[in-house]
>>> print(open('protein36.pdb').read())   # PDB, C-alpha atoms
ATOM      1  CA  MET F 105      53.011 117.603 117.334
ATOM      2  CA  ALA F 106      56.341 117.859 115.518
ATOM      3  CA  GLU F 107      57.319 115.036 113.190
ATOM      4  CA  VAL F 108      60.642 113.307 113.870
ATOM      5  CA  TYR F 109      62.941 113.226 110.842
ATOM      6  CA  ASN F 110      65.665 110.618 110.463
ATOM      7  CA  TYR F 111      68.778 112.309 109.072
ATOM      8  CA  GLN F 112      70.723 109.050 108.796
ATOM      9  CA  LYS F 113      69.434 108.325 105.286
ATOM     10  CA  ALA F 114      70.242 111.851 104.127
ATOM     11  CA  LEU F 115      73.744 111.734 105.583
ATOM     12  CA  LYS F 116      74.527 108.439 103.822
ATOM     13  CA  GLN F 117      74.081 110.042 100.403
ATOM     14  CA  ASP F 118      77.216 110.468  98.295
ATOM     15  CA  ILE F 119      78.724 113.923  97.979
ATOM     16  CA  VAL F 120      78.436 115.020  94.340
ATOM     17  CA  ILE F 121      80.511 117.792  92.777
ATOM     18  CA  ARG F 122      78.528 119.727  90.190
ATOM     19  CA  LYS F 123      80.050 123.188  90.284
ATOM     20  CA  ILE F 124      83.757 124.056  90.214
ATOM     21  CA  SER F 125      83.461 127.812  90.737
ATOM     22  CA  GLU F 126      80.853 130.567  90.520
ATOM     23  CA  ASP F 127      80.814 130.618  86.727
ATOM     24  CA  LYS F 128      82.061 127.124  85.832
ATOM     25  CA  SER F 129      80.017 123.982  86.305
ATOM     26  CA  LEU F 130      80.438 120.391  85.183
ATOM     27  CA  PRO F 131      78.073 118.885  82.606
ATOM     28  CA  VAL F 132      77.651 115.791  84.800
ATOM     29  CA  GLY F 133      77.983 115.513  88.569
ATOM     30  CA  ILE F 134      80.979 113.560  89.894
ATOM     31  CA  SER F 135      80.640 111.570  93.113
ATOM     32  CA  LEU F 136      83.422 112.379  95.539
ATOM     33  CA  LYS F 137      84.169 108.869  96.822
ATOM     34  CA  PRO F 138      84.781 107.251  93.384
ATOM     35  CA  ALA F 139      86.801 110.306  92.325
ATOM     36  CA  VAL F 140      89.073 110.003  95.371
ATOM     37  CA  ILE F 141      89.491 106.245  94.791
ATOM     38  CA  PHE F 142      90.324 106.894  91.107
ATOM     39  CA  ILE F 143      92.939 109.551  91.928
ATOM     40  CA  ALA F 144      94.510 107.472  94.723
ATOM     41  CA  SER F 145      94.741 104.362  92.531
ATOM     42  CA  PHE F 146      96.161 106.480  89.666
ATOM     43  CA  ILE F 147      98.918 107.792  91.956
ATOM     44  CA  VAL F 148      99.748 104.323  93.300
ATOM     45  CA  ILE F 149      99.857 102.872  89.780
ATOM     46  CA  TYR F 150     102.077 105.752  88.665
ATOM     47  CA  PHE F 151     104.612 105.078  91.411
ATOM     48  CA  ILE F 152     104.590 101.313  90.848
ATOM     49  CA  LEU F 153     104.386 101.031  87.051
ATOM     50  CA  HIS F 154     105.952 104.224  85.687
ATOM     51  CA  GLU F 155     109.474 102.853  85.100
ATOM     52  CA  PRO F 156     108.350  99.540  83.494
ATOM     53  CA  LEU F 157     105.875 101.414  81.281
ATOM     54  CA  GLN F 158     108.576 103.837  80.152
ATOM     55  CA  ALA F 159     110.873 100.935  79.260
ATOM     56  CA  PHE F 160     108.062  99.256  77.315
ATOM     57  CA  TYR F 161     107.227 102.523  75.529
ATOM     58  CA  ARG F 162     110.871 102.972  74.459
ATOM     59  CA  ALA F 163     110.912  99.436  73.039
ATOM     60  CA  ASN F 164     107.585  99.691  71.200
ATOM     61  CA  SER F 165     106.106 103.184  70.974
ATOM     62  CA  ASP F 166     102.899 102.315  69.072
ATOM     63  CA  LEU F 167     101.781  99.607  71.471
ATOM     64  CA  GLY F 168     103.225 101.595  74.384
ATOM     65  CA  LYS F 169     100.591 104.323  73.928
ATOM     66  CA  LEU F 170      97.811 101.763  74.278
ATOM     67  CA  VAL F 171      99.479 100.231  77.333
ATOM     68  CA  TYR F 172      99.790 103.691  78.914
ATOM     69  CA  VAL F 173      96.068 104.341  78.433
ATOM     70  CA  CYS F 174      95.135 100.908  79.798
ATOM     71  CA  ALA F 175      97.428 101.257  82.804
ATOM     72  CA  TYR F 176      96.623 104.834  83.788
ATOM     73  CA  ILE F 177      92.934 104.958  82.856
ATOM     74  CA  GLY F 178      91.687 101.351  82.614
ATOM     75  CA  ILE F 179      93.109  99.991  85.870
ATOM     76  CA  PRO F 180      91.806 102.892  88.050
ATOM     77  CA  ILE F 181      88.361 102.616  86.414
ATOM     78  CA  GLY F 182      88.421  98.863  87.139
ATOM     79  CA  ILE F 183      89.380  99.526  90.762
ATOM     80  CA  VAL F 184      86.542 102.060  91.130
ATOM     81  CA  SER F 185      83.966  99.672  89.641
ATOM     82  CA  LEU F 186      85.248  96.828  91.846
ATOM     83  CA  SER F 187      85.111  99.033  94.937
ATOM     84  CA  ASN F 188      81.471  99.851  94.158
ATOM     85  CA  ARG F 189      80.536  96.152  93.969
ATOM     86  CA  VAL F 190      82.540  94.709  96.883
ATOM     87  CA  LYS F 191      80.880  95.207 100.281
ATOM     88  CA  PRO F 192      82.812  93.403 103.050
ATOM     89  CA  ASP F 193      80.693  93.138 106.206
ATOM     90  CA  GLY F 194      78.030  95.203 104.447
ATOM     91  CA  LEU F 195      80.268  98.281 104.351
ATOM     92  CA  GLY F 196      81.895 100.075 101.470
ATOM     93  CA  LEU F 197      85.647  99.642 101.089
ATOM     94  CA  VAL F 198      86.399 103.065 102.549
ATOM     95  CA  GLN F 199      84.231 102.494 105.627
ATOM     96  CA  TYR F 200      85.693  98.994 106.010
ATOM     97  CA  ALA F 201      89.268 100.329 105.872
ATOM     98  CA  ILE F 202      88.380 103.012 108.428
ATOM     99  CA  SER F 203      86.838 100.402 110.754
ATOM    100  CA  ILE F 204      89.953  98.210 110.504
ATOM    101  CA  ALA F 205      92.192 101.210 111.224
ATOM    102  CA  THR F 206      90.141 102.281 114.250
ATOM    103  CA  PHE F 207      90.129  98.700 115.522
ATOM    104  CA  GLY F 208      93.929  98.565 115.241
ATOM    105  CA  VAL F 209      94.356 101.902 116.989
ATOM    106  CA  LYS F 210      92.049 100.804 119.813
ATOM    107  CA  LYS F 211      94.006  97.567 120.228
ATOM    108  CA  ILE F 212      97.319  99.474 120.307
ATOM    109  CA  LEU F 213      95.970 101.918 122.883
ATOM    110  CA  SER F 214      94.454  99.027 124.902
ATOM    111  CA  ARG F 215      90.970 100.479 124.686
ATOM    112  CA  THR F 216      87.837  98.419 124.955
ATOM    113  CA  VAL F 217      86.857  96.832 121.654
ATOM    114  CA  TYR F 218      83.214  96.078 120.867
ATOM    115  CA  TYR F 219      82.020  93.522 118.347
ATOM    116  CA  HIS F 220      78.271  93.201 117.778
ATOM    117  CA  ASP F 221      77.599  95.122 121.008
ATOM    118  CA  ARG F 222      79.739  92.725 123.057
ATOM    119  CA  VAL F 223      83.073  93.540 124.683
ATOM    120  CA  LEU F 224      85.964  91.477 123.355
ATOM    121  CA  PRO F 225      88.468  90.488 126.035
ATOM    122  CA  ASN F 226      92.116  91.448 125.641
ATOM    123  CA  GLY F 227      94.074  88.868 123.667
ATOM    124  CA  TYR F 228      90.936  87.479 122.002
ATOM    125  CA  PHE F 229      92.418  87.282 118.530
ATOM    126  CA  GLU F 230      95.918  86.385 119.710
ATOM    127  CA  ALA F 231      94.551  83.288 121.472
ATOM    128  CA  SER F 232      92.830  82.241 118.240
ATOM    129  CA  HIS F 233      89.441  81.563 119.785
ATOM    130  CA  MET F 234      87.821  81.280 116.404
ATOM    131  CA  ALA F 235      89.964  78.367 115.174
ATOM    132  CA  ASP F 236      90.496  76.421 118.404
ATOM    133  CA  THR F 237      87.019  76.513 119.903
ATOM    134  CA  PRO F 238      85.468  73.056 119.505
ATOM    135  CA  ILE F 239      81.979  72.933 118.086
ATOM    136  CA  ILE F 240      79.823  70.006 119.128
ATOM    137  CA  ILE F 241      76.924  69.135 116.901
ATOM    138  CA  GLN F 242      74.419  66.680 118.283
ATOM    139  CA  LYS F 243      71.411  65.239 116.585
ATOM    140  CA  SER F 244      68.284  65.821 118.491
ATOM    141  CA  LYS F 245      66.174  62.778 119.079
ATOM    142  CA  SER F 246      62.851  63.184 117.440
ATOM    143  CA  HIS F 247      59.854  62.193 119.442
ATOM    144  CA  ASP F 248      57.604  59.946 117.372
TER     145      ASP F 248
END
>>> encode(input="protein36.pdb", output="C-alpha coordinates")
Amino acid sequence: MAEVYNYQKALKQDIVIRKISEDKSLPVGISLKPAVIFIASFIVIYFILHEPLQAFYRANSDLGKLVYVCAYIGIPIGIVSLSNRVKPDGLGLVQYAISIATFGVKKILSRTVYYHDRVLPNGYFEASHMADTPIIIQKSKSHD
(Lines of atoms letter the chains of each structure in order from A and count residues from 1; the text may use other names and numbers.)
(Lines give C-alpha, C1' and ligand atoms only; values in the text may rest on other atoms or scores of the structure.)
Protein backbone atom coordinates (compact mmCIF):
# COMPACT_ATOMS: atom_id res chain seq x y z
CA MET A 1 0.00 0.00 0.00
CA ALA A 2 1.32 3.44 -0.93
CA GLU A 3 2.21 5.82 1.88
CA VAL A 4 0.48 9.21 1.89
CA TYR A 5 2.91 12.14 2.04
CA ASN A 6 1.88 15.53 3.38
CA TYR A 7 3.40 18.22 1.15
CA GLN A 8 2.13 21.08 3.32
CA LYS A 9 5.21 21.05 5.56
CA ALA A 10 7.54 21.00 2.56
CA LEU A 11 5.71 23.85 0.85
CA LYS A 12 5.93 26.05 3.97
CA GLN A 13 9.73 26.05 3.83
CA ASP A 14 11.41 29.34 2.92
CA ILE A 15 12.85 29.73 -0.55
CA VAL A 16 16.63 30.09 -0.24
CA ILE A 17 18.87 31.54 -2.94
CA ARG A 18 22.24 29.81 -3.04
CA LYS A 19 23.31 30.11 -6.66
CA ILE A 20 23.23 33.25 -8.81
CA SER A 21 24.26 31.68 -12.12
CA GLU A 22 25.87 28.50 -13.44
CA ASP A 23 29.35 29.45 -12.27
CA LYS A 24 28.64 31.90 -9.43
CA SER A 25 27.25 30.88 -6.07
CA LEU A 26 26.81 32.67 -2.76
CA PRO A 27 28.88 31.65 0.27
CA VAL A 28 25.73 31.64 2.42
CA GLY A 29 22.14 31.04 1.34
CA ILE A 30 19.78 34.03 1.46
CA SER A 31 16.11 33.49 2.30
CA LEU A 32 13.85 35.15 -0.24
CA LYS A 33 11.22 36.57 2.11
CA PRO A 34 13.64 38.54 4.37
CA ALA A 35 15.53 39.72 1.28
CA VAL A 36 12.34 41.09 -0.30
CA ILE A 37 11.35 42.78 2.98
CA PHE A 38 14.85 44.31 3.27
CA ILE A 39 14.80 45.67 -0.30
CA ALA A 40 11.24 47.01 0.01
CA SER A 41 11.99 48.76 3.32
CA PHE A 42 15.24 50.16 1.84
CA ILE A 43 13.31 51.67 -1.08
CA VAL A 44 10.62 53.14 1.18
CA ILE A 45 13.25 54.62 3.52
CA TYR A 46 15.10 56.05 0.52
CA PHE A 47 12.00 57.85 -0.74
CA ILE A 48 11.05 59.14 2.71
CA LEU A 49 14.42 60.04 4.24
CA HIS A 50 16.71 60.85 1.30
CA GLU A 51 16.25 64.65 1.32
CA PRO A 52 16.56 65.06 5.14
CA LEU A 53 19.64 62.80 5.16
CA GLN A 54 21.26 64.82 2.38
CA ALA A 55 20.64 68.05 4.30
CA PHE A 56 22.12 66.51 7.45
CA TYR A 57 25.14 65.21 5.50
CA ARG A 58 25.81 68.69 4.05
CA ALA A 59 25.72 70.19 7.55
CA ASN A 60 27.93 67.55 9.19
CA SER A 61 29.69 65.18 6.80
CA ASP A 62 31.50 63.02 9.39
CA LEU A 63 28.40 62.20 11.41
CA GLY A 64 26.34 62.14 8.21
CA LYS A 65 28.16 59.01 7.00
CA LEU A 66 27.21 57.17 10.17
CA VAL A 67 23.61 58.36 9.90
CA TYR A 68 23.48 57.16 6.27
CA VAL A 69 24.65 53.69 7.29
CA CYS A 70 22.19 53.53 10.20
CA ALA A 71 19.29 54.73 8.06
CA TYR A 72 19.89 52.63 4.95
CA ILE A 73 21.27 49.47 6.56
CA GLY A 74 20.25 49.50 10.24
CA ILE A 75 16.56 50.37 9.84
CA PRO A 76 15.88 47.71 7.14
CA ILE A 77 17.71 45.07 9.22
CA GLY A 78 15.58 46.10 12.22
CA ILE A 79 12.41 45.82 10.13
CA VAL A 80 13.43 42.34 8.91
CA SER A 81 14.19 41.12 12.44
CA LEU A 82 10.91 42.59 13.71
CA SER A 83 8.97 40.97 10.87
CA ASN A 84 10.47 37.59 11.81
CA ARG A 85 9.32 37.93 15.44
CA VAL A 86 5.84 39.44 14.99
CA LYS A 87 3.16 36.87 14.12
CA PRO A 88 -0.32 38.47 14.07
CA ASP A 89 -3.03 35.78 14.11
CA GLY A 90 -0.27 33.17 13.90
CA LEU A 91 0.73 34.30 10.40
CA GLY A 92 3.84 35.99 9.14
CA LEU A 93 3.53 39.65 8.19
CA VAL A 94 3.44 38.90 4.47
CA GLN A 95 0.69 36.28 4.82
CA TYR A 96 -1.21 38.60 7.18
CA ALA A 97 -1.03 41.49 4.69
CA ILE A 98 -2.20 39.18 1.89
CA SER A 99 -5.13 37.96 4.01
CA ILE A 100 -6.17 41.55 4.80
CA ALA A 101 -5.95 42.48 1.11
CA THR A 102 -8.02 39.48 0.01
CA PHE A 103 -10.57 40.24 2.71
CA GLY A 104 -10.87 43.83 1.46
CA VAL A 105 -11.21 42.73 -2.15
CA LYS A 106 -13.91 40.22 -1.21
CA LYS A 107 -15.81 42.90 0.72
CA ILE A 108 -15.57 45.31 -2.24
CA LEU A 109 -16.79 42.65 -4.65
CA SER A 110 -19.56 41.62 -2.20
CA ARG A 111 -18.34 38.05 -2.06
CA THR A 112 -18.98 35.75 0.85
CA VAL A 113 -16.46 36.21 3.65
CA TYR A 114 -15.57 33.32 5.95
CA TYR A 115 -14.11 33.68 9.42
CA HIS A 116 -13.23 30.50 11.32
CA ASP A 117 -15.34 28.45 8.89
CA ARG A 118 -18.42 30.60 9.50
CA VAL A 119 -20.02 32.97 7.00
CA LEU A 120 -19.99 36.60 8.10
CA PRO A 121 -23.14 38.49 7.14
CA ASN A 122 -22.89 41.63 5.03
CA GLY A 123 -22.35 44.74 7.14
CA TYR A 124 -20.97 42.74 10.08
CA PHE A 125 -18.07 45.06 10.78
CA GLU A 126 -19.95 48.23 9.84
CA ALA A 127 -22.59 47.47 12.50
CA SER A 128 -19.83 47.07 15.09
CA HIS A 129 -21.06 43.78 16.49
CA MET A 130 -17.88 43.27 18.43
CA ALA A 131 -18.18 46.46 20.52
CA ASP A 132 -21.95 46.69 20.98
CA THR A 133 -22.83 43.09 21.76
CA PRO A 134 -23.61 42.85 25.48
CA ILE A 135 -21.91 40.07 27.38
CA ILE A 136 -23.73 38.73 30.41
CA ILE A 137 -21.66 36.93 32.99
CA GLN A 138 -23.55 35.04 35.64
CA LYS A 139 -22.17 33.18 38.58
CA SER A 140 -23.28 29.64 38.68
CA LYS A 141 -24.72 28.49 41.94
CA SER A 142 -22.64 25.76 43.38
CA HIS A 143 -24.46 22.80 44.76
CA ASP A 144 -23.16 21.98 48.23
>>> closest_residue(input="protein36.pdb", among="F:Lys137, F:Gln158, F:Ile147, F:Lys128", to="Gln199 of chain F", atoms="all atoms listed in the file")
F:Lys137
>>> resolve_selection(input="protein36.pdb", expression="the PyMOL selection byres ((chain F and resi 188) around 12)", output="PyMOL selection string")
chain F and resi 135+137-139+141-142+181-187+189-192+194-198
>>> closest_residue(input="protein36.pdb", among="F:Ile179, F:Leu213, F:Ile152, F:Ile134", to="Asp118 of chain F", atoms="only C-alpha atoms")
F:Ile134
>>> closest_residue(input="protein36.pdb", among="F:Leu136, F:Leu167, F:Leu157, F:Leu130", to="Gln117 of chain F", atoms="all atoms listed in the file")
F:Leu136
>>> atom_distance(input="protein36.pdb", atom1="atom CA of Tyr200 of chain F", atom2="atom CA of Phe146 of chain F")
20.8 Å
>>> atom_distance(input="protein36.pdb", atom1="atom CA of Arg122 of chain F", atom2="atom CA of Ser145 of chain F")
22.5 Å
>>> closest_residue(input="protein36.pdb", among="F:Val209, F:Ile124, F:Ile149, F:Ile119", to="Tyr176 of chain F", atoms="all atoms listed in the file")
F:Ile149
>>> resolve_selection(input="protein36.pdb", expression="the PyMOL selection byres ((chain F and resi 172) around 10)", output="VMD selection string")
chain F and resid 153 to 154 157 to 158 160 to 161 167 to 171 173 to 178
>>> write_last_selection(input="protein36.pdb", atoms="C-alpha atoms", output="short mmCIF file (atom, residue, chain, number, x, y, z; two decimals), in the frame of the given file")
data_model
loop_
_atom_site.label_atom_id
_atom_site.label_comp_id
_atom_site.auth_asym_id
_atom_site.auth_seq_id
_atom_site.Cartn_x
_atom_site.Cartn_y
_atom_site.Cartn_z
CA LEU F 153 104.39 101.03 87.05
CA HIS F 154 105.95 104.22 85.69
CA LEU F 157 105.88 101.41 81.28
CA GLN F 158 108.58 103.84 80.15
CA PHE F 160 108.06 99.26 77.32
CA TYR F 161 107.23 102.52 75.53
CA LEU F 167 101.78 99.61 71.47
CA GLY F 168 103.22 101.60 74.38
CA LYS F 169 100.59 104.32 73.93
CA LEU F 170 97.81 101.76 74.28
CA VAL F 171 99.48 100.23 77.33
CA VAL F 173 96.07 104.34 78.43
CA CYS F 174 95.14 100.91 79.80
CA ALA F 175 97.43 101.26 82.80
CA TYR F 176 96.62 104.83 83.79
CA ILE F 177 92.93 104.96 82.86
CA GLY F 178 91.69 101.35 82.61
#
>>> axis_aligned_box(input="protein36.pdb", around="segment 184-198 of chain F", padding_each_side="5 Å", output="lines of an AutoDock Vina configuration file")
center_x = 82.3
center_y = 98.1
center_z = 97.9
size_x = 18.5
size_y = 19.9
size_z = 26.6
>>> atom_distance(input="protein36.pdb", atom1="atom CA of Gly208 of chain F", atom2="atom CA of Lys116 of chain F")
24.6 Å
>>> decode(input="protein36.pdb", residues="segment 162-186 of chain F", atoms="N, CA and C atoms", output="short mmCIF file (atom, residue, chain, number, x, y, z; two decimals), in the first residue's frame")
data_model
loop_
_atom_site.label_atom_id
_atom_site.label_comp_id
_atom_site.auth_asym_id
_atom_site.auth_seq_id
_atom_site.Cartn_x
_atom_site.Cartn_y
_atom_site.Cartn_z
N ARG F 162 25.18 67.42 4.43
CA ARG F 162 25.81 68.69 4.05
C ARG F 162 26.22 69.50 5.28
N ALA F 163 25.42 69.43 6.34
CA ALA F 163 25.72 70.19 7.55
C ALA F 163 26.86 69.55 8.35
N ASN F 164 26.91 68.24 8.41
CA ASN F 164 27.93 67.55 9.19
C ASN F 164 28.29 66.26 8.46
N SER F 165 29.38 66.32 7.67
CA SER F 165 29.69 65.18 6.80
C SER F 165 30.21 63.96 7.57
N ASP F 166 30.97 64.17 8.65
CA ASP F 166 31.50 63.02 9.39
C ASP F 166 30.40 62.21 10.06
N LEU F 167 29.52 62.88 10.77
CA LEU F 167 28.40 62.20 11.41
C LEU F 167 27.36 61.77 10.38
N GLY F 168 27.30 62.48 9.26
CA GLY F 168 26.34 62.14 8.21
C GLY F 168 26.57 60.77 7.63
N LYS F 169 27.85 60.35 7.52
CA LYS F 169 28.16 59.01 7.00
C LYS F 169 27.59 57.93 7.92
N LEU F 170 27.75 58.13 9.21
CA LEU F 170 27.21 57.17 10.17
C LEU F 170 25.68 57.12 10.12
N VAL F 171 25.07 58.29 9.98
CA VAL F 171 23.61 58.36 9.90
C VAL F 171 23.11 57.68 8.63
N TYR F 172 23.83 57.85 7.52
CA TYR F 172 23.48 57.16 6.27
C TYR F 172 23.49 55.65 6.47
N VAL F 173 24.55 55.13 7.07
CA VAL F 173 24.65 53.69 7.29
C VAL F 173 23.53 53.19 8.20
N CYS F 174 23.27 53.94 9.28
CA CYS F 174 22.19 53.53 10.20
C CYS F 174 20.83 53.57 9.51
N ALA F 175 20.60 54.59 8.70
CA ALA F 175 19.29 54.73 8.06
C ALA F 175 19.08 53.70 6.96
N TYR F 176 20.09 53.50 6.11
CA TYR F 176 19.89 52.63 4.95
C TYR F 176 20.21 51.16 5.21
N ILE F 177 20.96 50.85 6.24
CA ILE F 177 21.27 49.47 6.56
C ILE F 177 20.61 49.04 7.88
N GLY F 178 20.74 49.86 8.91
CA GLY F 178 20.25 49.50 10.24
C GLY F 178 18.73 49.40 10.32
N ILE F 179 18.03 50.39 9.77
CA ILE F 179 16.56 50.37 9.84
C ILE F 179 15.98 49.18 9.07
N PRO F 180 16.41 48.90 7.81
CA PRO F 180 15.88 47.71 7.14
C PRO F 180 16.19 46.40 7.86
N ILE F 181 17.39 46.28 8.46
CA ILE F 181 17.71 45.07 9.22
C ILE F 181 16.79 44.97 10.44
N GLY F 182 16.51 46.09 11.09
CA GLY F 182 15.58 46.10 12.22
C GLY F 182 14.17 45.69 11.80
N ILE F 183 13.74 46.17 10.64
CA ILE F 183 12.41 45.82 10.13
C ILE F 183 12.34 44.32 9.81
N VAL F 184 13.40 43.78 9.22
CA VAL F 184 13.43 42.34 8.91
C VAL F 184 13.39 41.51 10.19
N SER F 185 14.20 41.90 11.19
CA SER F 185 14.19 41.12 12.44
C SER F 185 12.86 41.25 13.16
N LEU F 186 12.23 42.41 13.10
CA LEU F 186 10.91 42.59 13.71
C LEU F 186 9.86 41.77 12.97
#
